[in-house]
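Participant: Sharing a structure, written as structure tokens. Questions coming.
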Amino acid sequence: MSASNINLKLLQTFQLAAEHGSFRRAAEESNRSPSAVSMQIRDLEEQIGVSLFVRTPQSANLTPSGAILYEQVRMAMAGVQAGLDRLSDVAAQRRSHVSIGCAPTLAATRLGNILATFKLRYPRSVINLKETPPMDALTFLREQQVELYVGPEVPNMSDFHFEPILKDRFAVCIPAEFDEGAASFSLADIASFPLIVLDRQTAARGLLDRISGDLDLNIQYEVQYAYTAITLAAAGLGVAVVPFIAVPMLPTSAFRVLPLTDEGAERAVGIITARGHVPHNYSQQLMDLIRTELGRSGAVAP
């Protein structure tokens with residue numbers, strides 16, 4: 001008889017009867033009748049083909065076969081309980097810890113104020129923040145390294161849920177050296193300027209390439225992070241084209257920030273979670289705060 005076919009409840013009842021040496025006392029502890037306990041023990045004996053107890057009117061003593069089974073059941077149940085205790089500890093820790101991923105552009109410009117507000121509201125909370133490019137977000141979520149990711153929509157999200165919060169339009173950071181006072185720019189307007197853009201490993205660059213089509217852009221610098229592109233523009237090295245949400249919230253005299261007017265020059269930004277994810281209390285509260293704070297303006301544009 002395969003052990004996998006034996007009902008766990010039968011083994012639990014057997015363990016109680018063995019430890020108390022009495023079907024009656026096992027029945028009292030498990031809130032069953034003595035006859036129900038006796039029937040379960042009989043079912044177990046029939047399934048494994050050996051007698052487990054020597055029964056008397058006052059007691060039930062283990063047979064040698066019963067003693068062997070009891071020792072194995074006792075160790076197995078102890079292992080199960082240790083596993084449950086460990087999971088309970090993990091669950092308790094998760095109730096106060098929140099692991100989130102965030103696009104570097106958002107982490108550098110918008111997330112700080114959100115997390116500061118959250119810490120004031122929930123001082124016992126602990127945030128584990130992983131800054132990672134959007135293209136790596138799904139891997140982090142799939143491997144459960146983070147519970148949620150805050151950033152732009154990415155391809156291949158059939159196993160994930162994306163909740164859009166705002167539209168983020170591309171911005172042009174134009175220093176005085178190249179600024180002729182225009183109210184807005186298209187890619188054609190700035191194509192001949194020395195351009196500073198994100199590299200091809202980023203989701204933003206993929207979108208920019210689709211918008212530009214066959215337009216010949218004078219790209220002088222390709223960088224990994226939007227903050228680097230903005231810093232180079234502030235130094236007067238060229239015109240940076242970056243998602244507006246990456247632009248620092250405080251104004252600067254180093255350049256003007258204007259919208260890129262090309263059709264499709266925007267992307268959705270929001271929260272990505274694995275499908276079926278059930279947030280615990282702190283992560284739910286953080287998601288609510290992110291929705292509120294990021295969505296205040298409804299759309300991000302200069």
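Chain identifiers are assigned as A, B, and so on, following the order in which chains appear in the structure tokens; residues are numbered from 1 within each chain, and ligands are numbered from 1 in order of appearance.
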Quick one: everything within 12 Å of Pro152 (chain A), counting only C-alpha atoms, minus sequence neighbours fewer than 3 positions away in the same chain. Send it as a ChimeraX atom specification.
Facilitator: /A:101-106,132-138,149,155,157,162-169,202-204,207,243,245-246,266-272
Participant: Show which residues sit within 9 Å of Arg275 (chain A), as JSON, numbers by chain. Count only C-alpha atoms, and ignore same-chain residues fewer than 5 positions away.
Facilitator: {"A": [158, 159, 160, 161]}
Participant: Please dump the current selection as an mmCIF file, in the first residue's frame; keep N, CA and C atoms.
Facilitator:
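The resulting selection_25.cif:
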data_model
loop_
_atom_site.group_PDB
_atom_site.id
_atom_site.type_symbol
_atom_site.label_atom_id
_atom_site.label_comp_id
_atom_site.auth_asym_id
_atom_site.auth_seq_id
_atom_site.Cartn_x
_atom_site.Cartn_y
_atom_site.Cartn_z
ATOM 1 N N SER A 158 1.777 38.978 -20.571
ATOM 2 C CA SER A 158 0.590 38.122 -20.514
ATOM 3 C C SER A 158 0.409 37.479 -19.142
ATOM 4 N N ASP A 159 1.501 37.244 -18.423
ATOM 5 C CA ASP A 159 1.412 36.626 -17.094
ATOM 6 C C ASP A 159 1.402 37.660 -15.968
ATOM 7 N N PHE A 160 1.244 38.920 -16.340
ATOM 8 C CA PHE A 160 1.316 39.990 -15.351
ATOM 9 C C PHE A 160 0.143 40.958 -15.537
ATOM 10 N N HIS A 161 -0.065 41.738 -14.515
ATOM 11 C CA HIS A 161 -1.120 42.751 -14.573
ATOM 12 C C HIS A 161 -0.483 44.135 -14.532
#
Participant: In region 72-162 of chain A, what's strand (DSSP E) per DSSP? Answer as a list in words?
Facilitator: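 Answer for region 72-162 of chain A, restricted to strand (DSSP E): His97, Val98, Ser99, Ile100, Gly101, Cys102, Val126, Ile127, Asn128, Leu129, Lys130, Glu131, Leu148, Tyr149, Val150, Gly151, Pro152, Phe160, His161 and Phe162 of chain A.
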Participant: Would you list, as a ChimeraX atom specification, the residues of region 88-189 of chain A that end up in alpha helix (DSSP H) under DSSP run on this structure's backbone?
Facilitator: /A:88-96,104-109,111-121,137-142,187-189
Participant: Find the residues around region 115-117 of chain A up to 9 Å (only C-alpha atoms counted), leave out those fewer than 3 positions away in its own chain, and share them as a ChimeraX atom specification.
Facilitator: /A:111-112,120-122,127,286,289-290
Participant: Using only C-alpha atoms, which of A:Arg124, A:Arg25, A:Arg55, A:Arg256 sits nearest Ile174 (chain A)?
Facilitator: A:Arg256
Participant: One number please: CA of Gly66 (chain A) to CA of Phe53 (chain A), in Å, one decimal.
Facilitator: 6.4 Å
Participant: Skipping near chain neighbours, those fewer than 5 positions away, what residues fall within 8 Å of Ala240 (chain A) using only C-alpha atoms, listed as a PDB file with C-alpha atoms, in the first residue's frame?
Facilitator:
ATOM      1  CA  VAL A 172      13.434  67.842 -24.609  1.00  0.00           C
ATOM      2  CA  CYS A 173      16.018  69.334 -22.256  1.00  0.00           C
ATOM      3  CA  ILE A 174      17.566  72.123 -24.303  1.00  0.00           C
ATOM      4  CA  LEU A 195      21.462  64.689 -29.177  1.00  0.00           C
ATOM      5  CA  ILE A 196      21.810  62.841 -25.902  1.00  0.00           C
ATOM      6  CA  VAL A 197      19.553  59.778 -25.701  1.00  0.00           C
ATOM      7  CA  ALA A 229      21.540  62.377 -20.066  1.00  0.00           C
ATOM      8  CA  ILE A 230      20.088  65.331 -18.139  1.00  0.00           C
ATOM      9  CA  LEU A 232      25.205  66.088 -19.858  1.00  0.00           C
ATOM     10  CA  ALA A 233      22.581  68.478 -21.215  1.00  0.00           C
TER      11      ALA A 233
END
Participant: Give me the residues within 8 Å of Pro194 (chain A) as a PyMOL selection string, counting only C-alpha atoms and dropping any in the same chain fewer than 4 places off.
Facilitator: chain A and resi 218-220+237-239
Participant: Write a file of the just-selected residues containing N, CA, C and O atoms, as a PDB file, in the first residue's frame.
Facilitator:
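Result file follows (out09.pdb):
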ATOM      1  N   ASN A 218      21.048  63.185 -35.123  1.00  0.00           N
ATOM      2  CA  ASN A 218      22.457  63.441 -34.846  1.00  0.00           C
ATOM      3  C   ASN A 218      22.776  63.043 -33.398  1.00  0.00           C
ATOM      4  O   ASN A 218      22.974  63.882 -32.530  1.00  0.00           O
ATOM      5  N   ILE A 219      22.816  61.751 -33.141  1.00  0.00           N
ATOM      6  CA  ILE A 219      23.035  61.252 -31.783  1.00  0.00           C
ATOM      7  C   ILE A 219      24.526  61.295 -31.447  1.00  0.00           C
ATOM      8  O   ILE A 219      25.342  60.651 -32.121  1.00  0.00           O
ATOM      9  N   GLN A 220      24.864  62.051 -30.420  1.00  0.00           N
ATOM     10  CA  GLN A 220      26.259  62.200 -29.995  1.00  0.00           C
ATOM     11  C   GLN A 220      26.577  61.398 -28.736  1.00  0.00           C
ATOM     12  O   GLN A 220      27.723  60.981 -28.544  1.00  0.00           O
ATOM     13  N   LEU A 237      26.448  69.914 -23.396  1.00  0.00           N
ATOM     14  CA  LEU A 237      27.007  69.008 -24.399  1.00  0.00           C
ATOM     15  C   LEU A 237      26.019  68.655 -25.504  1.00  0.00           C
ATOM     16  O   LEU A 237      26.404  68.068 -26.516  1.00  0.00           O
ATOM     17  N   GLY A 238      24.763  68.954 -25.319  1.00  0.00           N
ATOM     18  CA  GLY A 238      23.780  68.629 -26.338  1.00  0.00           C
ATOM     19  C   GLY A 238      22.379  68.736 -25.780  1.00  0.00           C
ATOM     20  O   GLY A 238      22.154  69.225 -24.666  1.00  0.00           O
ATOM     21  N   VAL A 239      21.419  68.273 -26.577  1.00  0.00           N
ATOM     22  CA  VAL A 239      19.999  68.313 -26.217  1.00  0.00           C
ATOM     23  C   VAL A 239      19.583  66.911 -25.793  1.00  0.00           C
ATOM     24  O   VAL A 239      19.737  65.951 -26.566  1.00  0.00           O
TER      25      VAL A 239
END
Participant: Which polymer residues have any atom within 8 Å of an atom of region 7-15 of chain A, counting only C-alpha atoms, with same-chain residues fewer than 4 positions away left out, as a PyMOL selection string?
Facilitator: chain A and resi 19+26+30+37+40-41+43-44+70+73-74
Participant: Dump C-alpha atoms for the selected residues as a compact mmCIF listing (two decimals), in the first residue's frame?
Facilitator:
# COMPACT_ATOMS: atom_id res chain seq x y z
CA GLU A 19 0.99 9.18 22.84
CA ALA A 26 -7.29 10.55 22.01
CA SER A 30 -9.55 15.48 19.02
CA VAL A 37 -11.17 6.95 16.91
CA GLN A 40 -10.00 5.29 12.21
CA ILE A 41 -7.29 3.15 13.80
CA ASP A 43 -9.00 1.68 8.88
CA LEU A 44 -5.31 2.52 9.18
CA TYR A 70 4.82 5.93 15.62
CA VAL A 73 4.98 9.62 12.18
CA ARG A 74 6.30 11.58 15.16
Participant: Measuring between only C-alpha atoms, which one of A:Leu215, A:Ile100, A:Ala235, A:Ala17 shows the shortest distance to Ala191 (chain A)?
Facilitator: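 With only C-alpha atoms as the atom set, the closest residue is A:Leu215.
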Participant: At a cut-off of 7 Å, using only C-alpha atoms, what residues contact Ala60 (chain A)? Leave out same-chain residues fewer than 6 positions from it and give the result as a list in words.
Facilitator: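 Near Ala60 (chain A), the qualifying residues are Gly21, Ser22, Phe23, Phe53 and Val54 of chain A.
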Participant: So how far away is CA of Arg24 (chain A) from CA of Ser59 (chain A), in Å?
Facilitator: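 CA of Ser59 (chain A) sits 8.5 Å away from CA of Arg24 (chain A).
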Participant: Which one of A:Phe170, A:Phe140, A:Phe244, A:Phe118 sits closest to Ser99 (chain A) if you count only C-alpha atoms?
Facilitator: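 Counting only C-alpha atoms, the residue closest to Ser99 (chain A) is A:Phe140.
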Participant: Given only C-alpha atoms as the basis, pick out the residue of A:Leu198, A:Ile114, A:Ile68, A:Val98 nearest to Leu148 (chain A).
Facilitator: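 Under the stated criterion, the closest residue is A:Val98.
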Participant: Do you have the CA of Val154 (chain A)-CA of Gly264 (chain A) distance handy?
Facilitator: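 Answer for the CA of Val154 (chain A) to CA of Gly264 (chain A) separation: 15.2 Å.
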